[in-house]
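For reference, structure24.csv (CSV, C-alpha atoms and all ligand atoms):
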chain,number,residue,atom,x,y,z
A,87,LYS,CA,-62.2,14.5,-48.7
A,88,GLU,CA,-59.3,12.5,-47.3
A,89,VAL,CA,-56.9,14.1,-49.7
A,90,GLU,CA,-58.2,17.5,-48.6
A,91,THR,CA,-57.6,16.8,-44.9
A,92,GLN,CA,-54.1,15.5,-45.7
A,93,GLN,CA,-53.3,18.7,-47.5
A,94,LYS,CA,-54.4,20.8,-44.6
A,95,LEU,CA,-52.4,18.8,-42.0
A,96,ALA,CA,-48.8,19.7,-41.3
A,97,ASN,CA,-46.1,17.2,-42.4
A,98,VAL,CA,-44.1,15.9,-39.4
A,99,VAL,CA,-41.2,13.6,-39.5
A,100,ILE,CA,-40.4,11.5,-36.5
A,101,LEU,CA,-36.7,10.6,-36.1
A,102,ALA,CA,-36.3,7.7,-33.8
A,103,THR,CA,-33.1,7.2,-31.8
A,104,GLY,CA,-34.2,4.6,-29.2
A,105,GLY,CA,-34.5,5.0,-25.4
A,106,THR,CA,-37.3,3.9,-23.1
A,107,ILE,CA,-40.0,5.3,-25.3
A,108,ALA,CA,-38.9,2.4,-27.6
A,109,GLY,CA,-38.4,0.1,-24.6
A,110,ALA,CA,-40.0,-3.3,-23.8
A,111,GLY,CA,-40.3,-5.1,-20.5
A,112,ALA,CA,-41.1,-8.7,-19.7
A,113,SER,CA,-44.5,-7.8,-18.2
A,114,ALA,CA,-46.9,-4.9,-17.8
A,115,ALA,CA,-45.8,-4.6,-14.1
A,116,ASN,CA,-42.2,-3.8,-15.3
A,117,SER,CA,-42.2,-0.1,-15.3
A,118,ALA,CA,-38.5,0.2,-14.3
A,119,THR,CA,-37.0,-3.1,-15.4
A,120,TYR,CA,-36.9,-3.4,-19.1
A,121,GLN,CA,-34.7,-3.0,-22.1
A,122,ALA,CA,-34.5,0.3,-23.8
A,123,ALA,CA,-34.3,0.7,-27.6
A,124,LYS,CA,-36.2,-2.4,-28.7
A,125,VAL,CA,-39.3,-1.1,-30.6
A,126,GLY,CA,-38.9,0.3,-34.1
A,127,ILE,CA,-40.4,3.6,-35.3
A,128,GLU,CA,-43.1,2.1,-37.5
A,129,GLN,CA,-44.4,0.2,-34.4
A,130,LEU,CA,-44.3,3.3,-32.3
A,131,ILE,CA,-46.3,5.3,-34.8
A,132,ALA,CA,-48.8,2.4,-35.2
A,133,GLY,CA,-49.2,2.4,-31.4
A,134,VAL,CA,-50.7,5.9,-31.5
A,135,PRO,CA,-53.3,6.0,-34.4
A,136,GLU,CA,-54.5,9.4,-33.2
A,137,LEU,CA,-51.3,10.9,-34.7
A,138,SER,CA,-52.9,10.8,-38.1
A,139,GLN,CA,-55.5,13.4,-36.9
A,140,LEU,CA,-52.7,15.8,-36.0
A,141,ALA,CA,-50.4,15.6,-38.9
A,142,ASN,CA,-49.2,13.6,-41.9
A,143,VAL,CA,-46.6,11.6,-40.0
A,144,ARG,CA,-43.7,9.6,-41.3
A,145,GLY,CA,-40.9,8.0,-39.3
A,146,GLU,CA,-37.2,7.3,-39.8
A,147,GLN,CA,-35.0,5.1,-37.6
A,148,VAL,CA,-31.8,7.2,-37.2
A,149,MET,CA,-30.3,4.9,-34.6
A,150,GLN,CA,-31.6,2.5,-32.0
A,151,ILE,CA,-29.8,3.0,-28.7
A,152,ALA,CA,-30.2,3.9,-25.0
A,153,SER,CA,-29.4,7.6,-24.8
A,154,GLU,CA,-26.6,7.1,-22.2
A,155,SER,CA,-24.6,5.6,-25.1
A,156,ILE,CA,-25.1,8.5,-27.6
A,157,THR,CA,-21.7,9.5,-28.9
A,158,ASN,CA,-20.6,12.9,-30.3
A,159,ASP,CA,-20.7,11.3,-33.8
A,160,ASN,CA,-24.3,10.2,-33.1
A,161,LEU,CA,-25.1,13.8,-32.1
A,162,LEU,CA,-23.6,15.1,-35.4
A,163,GLN,CA,-25.4,12.5,-37.5
A,164,LEU,CA,-28.7,13.4,-35.9
A,165,GLY,CA,-28.1,17.1,-36.2
A,166,ARG,CA,-27.3,16.8,-39.9
A,167,ARG,CA,-30.4,14.8,-40.6
A,168,VAL,CA,-32.5,17.3,-38.7
A,169,ALA,CA,-31.0,20.1,-40.8
A,170,GLU,CA,-31.7,18.3,-44.1
A,171,LEU,CA,-35.3,17.8,-43.1
A,172,ALA,CA,-35.7,21.4,-41.9
A,173,ASP,CA,-34.5,22.6,-45.3
A,174,SER,CA,-37.0,20.5,-47.1
A,175,ASN,CA,-40.2,22.3,-48.3
A,176,ASP,CA,-42.4,19.4,-47.5
A,177,VAL,CA,-41.5,19.2,-43.8
A,178,ASP,CA,-43.2,21.4,-41.3
A,179,GLY,CA,-42.0,20.0,-38.1
A,180,ILE,CA,-39.6,17.4,-36.7
A,181,VAL,CA,-40.0,15.1,-33.6
A,182,ILE,CA,-37.1,13.2,-32.2
A,183,THR,CA,-37.8,10.2,-29.9
A,184,HIS,CA,-35.0,9.8,-27.5
A,185,GLY,CA,-33.9,8.2,-24.3
A,186,THR,CA,-34.4,10.5,-21.3
A,187,ASP,CA,-31.0,10.1,-19.7
A,188,THR,CA,-29.3,12.5,-22.1
A,189,LEU,CA,-32.4,14.0,-23.8
A,190,GLU,CA,-31.5,17.4,-22.3
A,191,GLU,CA,-28.0,17.2,-23.9
A,192,THR,CA,-29.3,16.4,-27.4
A,193,ALA,CA,-32.1,19.0,-27.1
A,194,TYR,CA,-29.6,21.7,-26.1
A,195,PHE,CA,-27.2,20.7,-28.8
A,196,LEU,CA,-29.9,21.0,-31.5
A,197,ASN,CA,-31.0,24.3,-30.0
A,198,LEU,CA,-27.5,25.6,-30.6
A,199,VAL,CA,-26.8,24.3,-34.1
A,200,GLU,CA,-30.0,24.0,-36.2
A,201,LYS,CA,-30.6,27.1,-38.4
A,202,THR,CA,-34.4,26.8,-38.7
A,203,ASP,CA,-37.5,28.2,-37.1
A,204,LYS,CA,-39.5,25.1,-37.8
A,205,PRO,CA,-40.5,23.3,-34.6
A,206,ILE,CA,-38.1,20.6,-33.4
A,207,ILE,CA,-39.4,18.6,-30.5
A,208,VAL,CA,-37.4,16.1,-28.5
A,209,VAL,CA,-39.5,13.5,-26.6
A,210,GLY,CA,-39.0,10.4,-24.5
A,211,SER,CA,-40.8,8.4,-21.8
A,212,MET,CA,-40.1,7.3,-18.3
A,213,ARG,CA,-41.8,3.9,-18.7
A,214,PRO,CA,-41.6,1.5,-21.6
A,215,GLY,CA,-44.6,1.1,-23.8
A,216,THR,CA,-45.2,-2.4,-22.4
A,217,ALA,CA,-45.8,-1.1,-18.9
A,218,MET,CA,-49.1,-0.2,-17.2
A,219,SER,CA,-49.8,3.5,-17.5
A,220,ALA,CA,-47.0,4.0,-20.0
A,221,ASP,CA,-46.3,7.7,-20.7
A,222,GLY,CA,-44.7,7.4,-24.1
A,223,MET,CA,-48.0,7.4,-26.2
A,224,LEU,CA,-49.2,10.7,-24.8
A,225,ASN,CA,-45.8,12.3,-24.8
A,226,LEU,CA,-45.4,11.4,-28.5
A,227,TYR,CA,-48.9,12.6,-29.3
A,228,ASN,CA,-48.1,15.9,-27.6
A,229,ALA,CA,-44.8,16.1,-29.4
A,230,VAL,CA,-46.5,15.7,-32.8
A,231,ALA,CA,-49.2,18.2,-31.8
A,232,VAL,CA,-46.6,20.8,-30.9
A,233,ALA,CA,-44.4,20.0,-34.0
A,234,SER,CA,-47.4,20.6,-36.3
A,235,SER,CA,-48.5,23.9,-34.7
A,236,LYS,CA,-47.5,27.2,-36.2
A,237,ASP,CA,-47.2,28.7,-32.7
A,238,ALA,CA,-44.2,26.5,-31.9
A,239,ARG,CA,-42.1,28.1,-34.7
A,240,GLY,CA,-39.1,30.2,-33.6
A,241,LYS,CA,-39.2,29.1,-30.0
A,242,GLY,CA,-36.1,26.9,-30.1
A,243,VAL,CA,-35.9,23.2,-29.6
A,244,LEU,CA,-38.6,22.1,-27.3
A,245,VAL,CA,-39.3,19.0,-25.1
A,246,THR,CA,-42.8,17.7,-24.4
A,247,MET,CA,-42.9,15.5,-21.3
A,248,ASN,CA,-45.7,15.1,-18.8
A,249,ASP,CA,-48.0,17.6,-20.7
A,250,GLU,CA,-45.5,20.4,-20.3
A,251,ILE,CA,-43.7,22.2,-23.1
A,252,GLN,CA,-40.1,22.9,-22.0
A,253,SER,CA,-37.3,24.8,-23.5
A,254,GLY,CA,-34.6,22.3,-24.6
A,255,ARG,CA,-32.0,24.7,-23.2
A,256,ASP,CA,-33.4,24.9,-19.7
A,257,VAL,CA,-34.9,21.5,-19.1
A,258,SER,CA,-33.2,18.8,-17.1
A,259,LYS,CA,-34.0,15.3,-15.9
A,260,MET,CA,-34.5,15.8,-12.2
A,261,ILE,CA,-35.6,12.3,-11.1
A,262,ASN,CA,-35.4,8.9,-12.7
A,263,ILE,CA,-38.5,7.1,-11.3
A,264,LYS,CA,-41.4,9.5,-11.8
A,265,THR,CA,-43.2,10.4,-15.0
A,266,GLU,CA,-42.9,14.0,-13.7
A,267,ALA,CA,-39.1,13.8,-14.4
A,268,PHE,CA,-38.3,16.8,-16.5
A,269,LYS,CA,-38.1,20.3,-14.9
A,270,SER,CA,-36.6,23.6,-15.6
A,271,ALA,CA,-35.4,26.0,-12.9
A,272,TRP,CA,-37.2,28.7,-14.8
A,273,GLY,CA,-40.5,26.9,-15.5
A,274,PRO,CA,-42.0,25.4,-18.6
A,275,LEU,CA,-42.8,27.6,-21.7
A,276,GLY,CA,-46.3,26.1,-21.9
A,277,MET,CA,-48.7,23.2,-21.7
A,278,VAL,CA,-50.0,20.8,-24.3
A,279,VAL,CA,-53.5,19.6,-23.6
A,280,GLU,CA,-55.6,17.4,-25.9
A,281,GLY,CA,-53.4,18.3,-28.8
A,282,LYS,CA,-53.5,22.0,-28.3
A,283,SER,CA,-50.6,24.1,-27.1
A,284,TYR,CA,-51.0,26.9,-24.5
A,285,TRP,CA,-47.9,29.2,-24.2
A,286,PHE,CA,-46.9,31.3,-21.2
A,287,ARG,CA,-43.3,32.5,-21.8
A,288,LEU,CA,-40.5,32.6,-24.4
A,289,PRO,CA,-36.9,31.6,-24.2
A,290,ALA,CA,-34.6,34.7,-23.7
A,291,LYS,CA,-31.3,33.0,-24.8
A,292,ARG,CA,-30.0,32.8,-28.3
A,293,HIS,CA,-31.0,29.7,-30.3
A,294,THR,CA,-31.5,28.2,-33.7
A,295,MET,CA,-32.0,31.1,-36.3
A,296,ASP,CA,-30.3,33.6,-34.0
A,297,SER,CA,-27.4,31.2,-33.1
A,298,GLU,CA,-23.9,31.8,-34.5
A,299,PHE,CA,-23.4,28.0,-34.7
A,300,ASP,CA,-24.4,25.9,-37.6
A,301,ILE,CA,-24.4,22.1,-37.9
A,302,LYS,CA,-23.5,22.4,-41.5
A,303,THR,CA,-20.1,23.8,-40.7
A,304,ILE,CA,-19.2,21.5,-37.8
A,305,LYS,CA,-17.0,18.7,-38.8
A,306,SER,CA,-16.3,17.2,-35.4
A,307,LEU,CA,-16.7,18.0,-31.7
A,308,PRO,CA,-13.6,18.5,-29.5
A,309,ASP,CA,-13.1,16.5,-26.3
A,310,VAL,CA,-14.7,18.2,-23.3
A,311,GLU,CA,-15.0,16.3,-20.0
A,312,ILE,CA,-16.7,16.7,-16.7
A,313,ALA,CA,-15.1,16.3,-13.2
A,314,TYR,CA,-17.5,15.9,-10.3
A,315,SER,CA,-16.6,17.8,-7.2
A,316,TYR,CA,-17.4,17.3,-3.5
A,317,GLY,CA,-15.8,18.3,-0.2
A,318,ASN,CA,-12.0,18.4,-0.4
A,319,VAL,CA,-12.1,16.6,-3.8
A,320,SER,CA,-8.6,15.6,-5.1
A,321,ASP,CA,-7.1,16.7,-8.4
A,322,THR,CA,-6.7,13.2,-9.8
A,323,ALA,CA,-9.7,13.2,-12.1
A,324,TYR,CA,-9.0,16.7,-13.4
A,325,LYS,CA,-5.3,15.9,-14.2
A,326,ALA,CA,-6.2,12.6,-15.8
A,327,LEU,CA,-8.9,14.2,-18.0
A,328,ALA,CA,-6.4,16.8,-19.2
A,329,GLN,CA,-3.8,14.2,-19.9
A,330,SER,CA,-6.2,12.2,-22.0
A,331,GLY,CA,-6.7,15.2,-24.2
A,332,ALA,CA,-9.6,17.3,-22.9
A,333,LYS,CA,-9.6,20.8,-24.4
A,334,ALA,CA,-11.9,22.0,-21.6
A,335,ILE,CA,-12.9,20.5,-18.2
A,336,ILE,CA,-16.3,21.3,-16.8
A,337,HIS,CA,-15.9,21.6,-13.0
A,338,ALA,CA,-19.2,20.1,-11.7
A,339,GLY,CA,-18.8,22.1,-8.6
A,340,THR,CA,-20.5,22.3,-5.3
A,341,GLY,CA,-22.9,25.2,-4.5
A,342,ASN,CA,-22.1,28.2,-6.7
A,343,GLY,CA,-19.4,26.3,-8.6
A,344,SER,CA,-17.0,26.5,-5.6
A,345,VAL,CA,-13.6,24.8,-5.9
A,346,SER,CA,-11.9,23.1,-3.0
A,347,SER,CA,-8.6,24.7,-2.0
A,348,ARG,CA,-6.9,21.4,-2.6
A,349,VAL,CA,-7.7,21.6,-6.3
A,350,VAL,CA,-7.3,25.3,-7.1
A,351,PRO,CA,-3.5,25.1,-7.8
A,352,SER,CA,-4.0,22.2,-10.2
A,353,LEU,CA,-6.7,24.0,-12.1
A,354,GLN,CA,-4.6,27.1,-12.4
A,355,ALA,CA,-1.8,25.0,-13.8
A,356,LEU,CA,-4.1,23.2,-16.3
A,357,ARG,CA,-5.3,26.6,-17.5
A,358,LYS,CA,-1.7,27.7,-18.0
A,359,ASP,CA,-1.2,24.5,-20.1
A,360,GLY,CA,-4.1,25.6,-22.3
A,361,VAL,CA,-7.0,23.6,-20.9
A,362,HIS,CA,-10.2,25.7,-20.3
A,363,ILE,CA,-11.7,25.5,-16.8
A,364,ILE,CA,-15.4,26.0,-16.8
A,365,ARG,CA,-17.1,26.3,-13.4
A,366,SER,CA,-20.6,24.8,-13.2
A,367,SER,CA,-22.6,23.5,-10.3
A,368,HIS,CA,-24.2,20.2,-9.6
A,369,VAL,CA,-26.8,21.5,-7.1
A,370,ASN,CA,-30.0,19.6,-7.8
A,371,ALA,CA,-32.6,22.3,-8.6
A,372,GLY,CA,-30.3,24.2,-10.9
A,373,GLY,CA,-27.0,26.1,-10.3
A,374,PHE,CA,-26.3,29.8,-10.7
A,375,VAL,CA,-22.6,30.5,-11.0
A,376,LEU,CA,-21.4,34.0,-11.3
A,377,ARG,CA,-17.9,35.3,-12.4
A,378,ASN,CA,-15.5,36.2,-9.7
A,379,ALA,CA,-18.0,35.1,-7.0
A,380,GLU,CA,-16.3,32.3,-5.0
A,381,GLN,CA,-13.2,32.2,-7.2
A,382,PRO,CA,-11.3,35.0,-9.0
A,383,ASP,CA,-12.1,33.9,-12.6
A,384,ASP,CA,-10.6,37.0,-14.2
A,385,LYS,CA,-7.3,36.4,-12.5
A,386,TYR,CA,-7.2,32.6,-13.3
A,387,ASP,CA,-8.7,33.1,-16.8
A,388,TRP,CA,-11.5,30.6,-16.0
A,389,VAL,CA,-15.0,30.6,-17.5
A,390,VAL,CA,-18.3,30.3,-15.6
A,391,ALA,CA,-21.3,28.2,-16.9
A,392,HIS,CA,-23.8,30.4,-15.2
A,393,ASP,CA,-27.1,28.4,-15.0
A,394,LEU,CA,-26.0,25.6,-17.3
A,395,ASN,CA,-25.7,22.3,-15.5
A,396,PRO,CA,-22.4,20.4,-16.1
A,397,GLN,CA,-23.8,18.2,-18.9
A,398,LYS,CA,-25.3,21.2,-20.8
A,399,ALA,CA,-22.1,23.2,-20.2
A,400,ARG,CA,-20.2,20.4,-21.8
A,401,ILE,CA,-22.4,20.6,-24.9
A,402,LEU,CA,-22.0,24.4,-25.2
A,403,ALA,CA,-18.3,24.2,-24.6
A,404,MET,CA,-17.9,21.6,-27.4
A,405,VAL,CA,-19.9,23.6,-29.9
A,406,ALA,CA,-18.2,26.9,-28.8
A,407,LEU,CA,-14.7,25.4,-29.2
A,408,THR,CA,-15.4,24.6,-32.8
A,409,LYS,CA,-15.4,28.5,-33.3
A,410,THR,CA,-12.9,29.9,-30.8
A,411,ASN,CA,-10.2,29.0,-28.3
A,412,ASP,CA,-10.4,32.4,-26.6
A,413,SER,CA,-11.6,32.3,-23.0
A,414,LYS,CA,-13.3,35.7,-23.3
A,415,GLU,CA,-15.3,34.6,-26.3
A,416,LEU,CA,-16.2,31.4,-24.5
A,417,GLN,CA,-17.5,33.4,-21.6
A,418,ARG,CA,-19.5,35.6,-23.9
A,419,MET,CA,-21.1,32.5,-25.4
A,420,PHE,CA,-21.9,31.2,-21.9
A,421,TRP,CA,-23.8,34.4,-21.1
A,422,GLU,CA,-25.6,34.5,-24.4
A,423,TYR,CA,-26.7,30.9,-25.0
B,501,LIG,N1,-36.1,6.7,-19.6
B,501,LIG,C1,-35.1,6.4,-20.5
B,501,LIG,O1,-35.3,6.7,-21.6
B,501,LIG,C2,-33.8,5.9,-19.9
B,501,LIG,C3,-32.9,5.2,-20.9
B,501,LIG,N2,-31.8,4.7,-20.1
B,501,LIG,C4,-32.4,6.1,-22.0
B,501,LIG,O2,-32.0,7.2,-21.8
B,501,LIG,O3,-32.3,5.6,-23.1
Show me, as structure tokens, the structure contained in the file I just sent.
Amino acid sequence: KEVETQQKLANVVILATGGTIAGAGASAANSATYQAAKVGIEQLIAGVPELSQLANVRGEQVMQIASESITNDNLLQLGRRVAELADSNDVDGIVITHGTDTLEETAYFLNLVEKTDKPIIVVGSMRPGTAMSADGMLNLYNAVAVASSKDARGKGVLVTMNDEIQSGRDVSKMINIKTEAFKSAWGPLGMVVEGKSYWFRLPAKRHTMDSEFDIKTIKSLPDVEIAYSYGNVSDTAYKALAQSGAKAIIHAGTGNGSVSSRVVPSLQALRKDGVHIIRSSHVNAGGFVLRNAEQPDDKYDWVVAHDLNPQKARILAMVALTKTNDSKELQRMFWEY
């Protein structure tokens, strides 16, 4: 009987990378003061025995770090391991436990470069497992539930936080002290309740199977940096980033990616020197930057990030630059992904 159930259940691999979901605090009252990346994957799985009712689950510790320290090499390493597992016939779905600070970056990266329609779910928690009312157990349970469901196939990389199923492309960490931290300007794709997924919408942008990018052909990621803007910002940071070798600079702009007149001449000069200027916005609920609105992008040969926030724009720019150095191609990719 047991063998029969095991055969019916999906095979899900959990790749652990660290973060608060693997965090530990000194006492149960410590919901915000703790050390991330302390607990190993076997202990995380053992902490949620109900996972075995959802899937045949096995874990792998890929790294053990707080997500703010994830390097480009870490991203590539994780991406390659996900691709290997996705290619394997005995894997039906993949879950990645991850710190929440850069979870949206990793989810978007995988969404661009993994050539599979198998579910890939990235999940974290806002409180360590040692805290009262910790959210990691349920988030992980939901991640495995979605990863083992056939309905989740072909929907791109997903994020399950706070009972919501979010698109890895759209979702962003909006607040750092609530369990209701992850939001998308365009709404969640669905909900996961008691292990069952309920879907409401589909991603419209290119991803995974339909993407022109493939982790298997990416050897390294180029240097793309972000410069934060505010009223009358100086050009010091932009110039320094270019000098240190940035191939593209994401302008984390005000409003609709507006650029202070003090900085415009420097950005024009940097573009002439070959550095791509990509206008994004740091407005809190999600930017919406359009070409030639606010700045003459055609004239300056700049690119707009549209609704991608600066950190997601950086991910797409790095991946895109592995294929092209042409600004028109970059702009096409920024519309399509
Ligand atoms: N809630 C978290 O996971 C935050 C932690 N600093 C991390 O990103 O690893």
Please return as a PDB file with C-alpha atoms, in the frame of the given file the residues found within 12 Å of ligand LIG 501 (chain B), counting all atoms listed in the file.
ATOM      1  CA  ALA A 102     -36.300   7.700 -33.800  1.00  0.00           C
ATOM      2  CA  THR A 103     -33.100   7.200 -31.800  1.00  0.00           C
ATOM      3  CA  GLY A 104     -34.200   4.600 -29.200  1.00  0.00           C
ATOM      4  CA  GLY A 105     -34.500   5.000 -25.400  1.00  0.00           C
ATOM      5  CA  THR A 106     -37.300   3.900 -23.100  1.00  0.00           C
ATOM      6  CA  ILE A 107     -40.000   5.300 -25.300  1.00  0.00           C
ATOM      7  CA  ALA A 108     -38.900   2.400 -27.600  1.00  0.00           C
ATOM      8  CA  GLY A 109     -38.400   0.100 -24.600  1.00  0.00           C
ATOM      9  CA  ALA A 110     -40.000  -3.300 -23.800  1.00  0.00           C
ATOM     10  CA  SER A 117     -42.200  -0.100 -15.300  1.00  0.00           C
ATOM     11  CA  ALA A 118     -38.500   0.200 -14.300  1.00  0.00           C
ATOM     12  CA  THR A 119     -37.000  -3.100 -15.400  1.00  0.00           C
ATOM     13  CA  TYR A 120     -36.900  -3.400 -19.100  1.00  0.00           C
ATOM     14  CA  GLN A 121     -34.700  -3.000 -22.100  1.00  0.00           C
ATOM     15  CA  ALA A 122     -34.500   0.300 -23.800  1.00  0.00           C
ATOM     16  CA  ALA A 123     -34.300   0.700 -27.600  1.00  0.00           C
ATOM     17  CA  LYS A 124     -36.200  -2.400 -28.700  1.00  0.00           C
ATOM     18  CA  MET A 149     -30.300   4.900 -34.600  1.00  0.00           C
ATOM     19  CA  GLN A 150     -31.600   2.500 -32.000  1.00  0.00           C
ATOM     20  CA  ILE A 151     -29.800   3.000 -28.700  1.00  0.00           C
ATOM     21  CA  ALA A 152     -30.200   3.900 -25.000  1.00  0.00           C
ATOM     22  CA  SER A 153     -29.400   7.600 -24.800  1.00  0.00           C
ATOM     23  CA  GLU A 154     -26.600   7.100 -22.200  1.00  0.00           C
ATOM     24  CA  SER A 155     -24.600   5.600 -25.100  1.00  0.00           C
ATOM     25  CA  ILE A 156     -25.100   8.500 -27.600  1.00  0.00           C
ATOM     26  CA  THR A 183     -37.800  10.200 -29.900  1.00  0.00           C
ATOM     27  CA  HIS A 184     -35.000   9.800 -27.500  1.00  0.00           C
ATOM     28  CA  GLY A 185     -33.900   8.200 -24.300  1.00  0.00           C
ATOM     29  CA  THR A 186     -34.400  10.500 -21.300  1.00  0.00           C
ATOM     30  CA  ASP A 187     -31.000  10.100 -19.700  1.00  0.00           C
ATOM     31  CA  THR A 188     -29.300  12.500 -22.100  1.00  0.00           C
ATOM     32  CA  LEU A 189     -32.400  14.000 -23.800  1.00  0.00           C
ATOM     33  CA  GLU A 190     -31.500  17.400 -22.300  1.00  0.00           C
ATOM     34  CA  GLU A 191     -28.000  17.200 -23.900  1.00  0.00           C
ATOM     35  CA  THR A 192     -29.300  16.400 -27.400  1.00  0.00           C
ATOM     36  CA  VAL A 208     -37.400  16.100 -28.500  1.00  0.00           C
ATOM     37  CA  VAL A 209     -39.500  13.500 -26.600  1.00  0.00           C
ATOM     38  CA  GLY A 210     -39.000  10.400 -24.500  1.00  0.00           C
ATOM     39  CA  SER A 211     -40.800   8.400 -21.800  1.00  0.00           C
ATOM     40  CA  MET A 212     -40.100   7.300 -18.300  1.00  0.00           C
ATOM     41  CA  ARG A 213     -41.800   3.900 -18.700  1.00  0.00           C
ATOM     42  CA  PRO A 214     -41.600   1.500 -21.600  1.00  0.00           C
ATOM     43  CA  GLY A 215     -44.600   1.100 -23.800  1.00  0.00           C
ATOM     44  CA  ALA A 220     -47.000   4.000 -20.000  1.00  0.00           C
ATOM     45  CA  ASP A 221     -46.300   7.700 -20.700  1.00  0.00           C
ATOM     46  CA  GLY A 222     -44.700   7.400 -24.100  1.00  0.00           C
ATOM     47  CA  MET A 247     -42.900  15.500 -21.300  1.00  0.00           C
ATOM     48  CA  LYS A 259     -34.000  15.300 -15.900  1.00  0.00           C
ATOM     49  CA  MET A 260     -34.500  15.800 -12.200  1.00  0.00           C
ATOM     50  CA  ILE A 261     -35.600  12.300 -11.100  1.00  0.00           C
ATOM     51  CA  ASN A 262     -35.400   8.900 -12.700  1.00  0.00           C
ATOM     52  CA  ILE A 263     -38.500   7.100 -11.300  1.00  0.00           C
ATOM     53  CA  LYS A 264     -41.400   9.500 -11.800  1.00  0.00           C
ATOM     54  CA  THR A 265     -43.200  10.400 -15.000  1.00  0.00           C
ATOM     55  CA  GLU A 266     -42.900  14.000 -13.700  1.00  0.00           C
ATOM     56  CA  ALA A 267     -39.100  13.800 -14.400  1.00  0.00           C
ATOM     57  CA  PHE A 268     -38.300  16.800 -16.500  1.00  0.00           C
TER      58      PHE A 268
END
With all atoms listed in the file as the atoms that count, which of A:Lys201, A:Lys236, A:His392, A:Arg348 lies nearest to Gly373 (chain A)?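 Among A:Lys201, A:Lys236, A:His392, A:Arg348, it is A:His392 that comes nearest to Gly373 (chain A).
Distance check against Arg239 (chain A) using all atoms listed in the file: of A:Gln147, A:Ser219, A:Lys291, A:Ala172, the minimum falls on A:Ala172.
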Which one of A:Lys333, A:Val361, A:Lys282, A:Leu164 sits closest to Tyr227 (chain A) if you count only C-alpha atoms? A:Lys282
Write out as a ChimeraX atom specification which residues come within 10 Å of Ile364 (chain A) when counting all atoms listed in the file, dropping same-chain ones fewer than 4 positions away. /A:312,334-339,343,383,387-392,396,399-400,403,413,416-417,420
For the atom pair CA of Ser320 (chain A) and CA of Asp384 (chain A), what is the interatomic distance in Å to one decimal place?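 Value for the CA of Ser320 (chain A)-CA of Asp384 (chain A) distance: 23.3 Å.
Across the structure, CA of Asn175 (chain A) and CA of Val279 (chain A) are spaced 28.2 Å apart.
Shortest separation to Gly242 (chain A) among A:Tyr423, A:Leu356, A:Phe286, A:Glu380 occurs at residue A:Tyr423, atoms counted being all atoms listed in the file.
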Repair of region 150-159 of chain A at the level of N, CA, C and O atoms, as a PDB file, in the frame of the given file:
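Contents of the output file rebuild_35.pdb:
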ATOM      1  N   GLN A 150     -30.741   3.175 -32.919  1.00  0.00           N
ATOM      2  CA  GLN A 150     -31.600   2.500 -32.000  1.00  0.00           C
ATOM      3  C   GLN A 150     -30.748   2.151 -30.736  1.00  0.00           C
ATOM      4  O   GLN A 150     -30.157   1.086 -30.595  1.00  0.00           O
ATOM      5  N   ILE A 151     -30.629   3.154 -29.843  1.00  0.00           N
ATOM      6  CA  ILE A 151     -29.800   3.000 -28.700  1.00  0.00           C
ATOM      7  C   ILE A 151     -30.369   3.630 -27.427  1.00  0.00           C
ATOM      8  O   ILE A 151     -31.275   4.467 -27.526  1.00  0.00           O
ATOM      9  N   ALA A 152     -29.860   3.225 -26.286  1.00  0.00           N
ATOM     10  CA  ALA A 152     -30.200   3.900 -25.000  1.00  0.00           C
ATOM     11  C   ALA A 152     -29.389   5.185 -25.006  1.00  0.00           C
ATOM     12  O   ALA A 152     -28.227   5.201 -25.429  1.00  0.00           O
ATOM     13  N   SER A 153     -29.991   6.257 -24.531  1.00  0.00           N
ATOM     14  CA  SER A 153     -29.400   7.600 -24.800  1.00  0.00           C
ATOM     15  C   SER A 153     -28.068   7.775 -23.997  1.00  0.00           C
ATOM     16  O   SER A 153     -27.258   8.618 -24.370  1.00  0.00           O
ATOM     17  N   GLU A 154     -27.834   6.987 -22.931  1.00  0.00           N
ATOM     18  CA  GLU A 154     -26.600   7.100 -22.200  1.00  0.00           C
ATOM     19  C   GLU A 154     -25.384   6.744 -23.090  1.00  0.00           C
ATOM     20  O   GLU A 154     -24.231   7.062 -22.779  1.00  0.00           O
ATOM     21  N   SER A 155     -25.654   6.073 -24.213  1.00  0.00           N
ATOM     22  CA  SER A 155     -24.600   5.600 -25.100  1.00  0.00           C
ATOM     23  C   SER A 155     -24.450   6.506 -26.361  1.00  0.00           C
ATOM     24  O   SER A 155     -23.704   6.154 -27.275  1.00  0.00           O
ATOM     25  N   ILE A 156     -25.154   7.588 -26.414  1.00  0.00           N
ATOM     26  CA  ILE A 156     -25.100   8.500 -27.600  1.00  0.00           C
ATOM     27  C   ILE A 156     -23.695   9.141 -27.648  1.00  0.00           C
ATOM     28  O   ILE A 156     -23.259   9.766 -26.683  1.00  0.00           O
ATOM     29  N   THR A 157     -23.020   8.971 -28.783  1.00  0.00           N
ATOM     30  CA  THR A 157     -21.700   9.500 -28.900  1.00  0.00           C
ATOM     31  C   THR A 157     -21.753  10.916 -29.593  1.00  0.00           C
ATOM     32  O   THR A 157     -22.804  11.300 -30.106  1.00  0.00           O
ATOM     33  N   ASN A 158     -20.614  11.604 -29.625  1.00  0.00           N
ATOM     34  CA  ASN A 158     -20.600  12.900 -30.300  1.00  0.00           C
ATOM     35  C   ASN A 158     -20.887  12.700 -31.812  1.00  0.00           C
ATOM     36  O   ASN A 158     -21.535  13.534 -32.429  1.00  0.00           O
ATOM     37  N   ASP A 159     -20.410  11.598 -32.386  1.00  0.00           N
ATOM     38  CA  ASP A 159     -20.700  11.300 -33.800  1.00  0.00           C
ATOM     39  C   ASP A 159     -22.205  11.097 -34.001  1.00  0.00           C
ATOM     40  O   ASP A 159     -22.771  11.536 -35.001  1.00  0.00           O
TER      41      ASP A 159
END
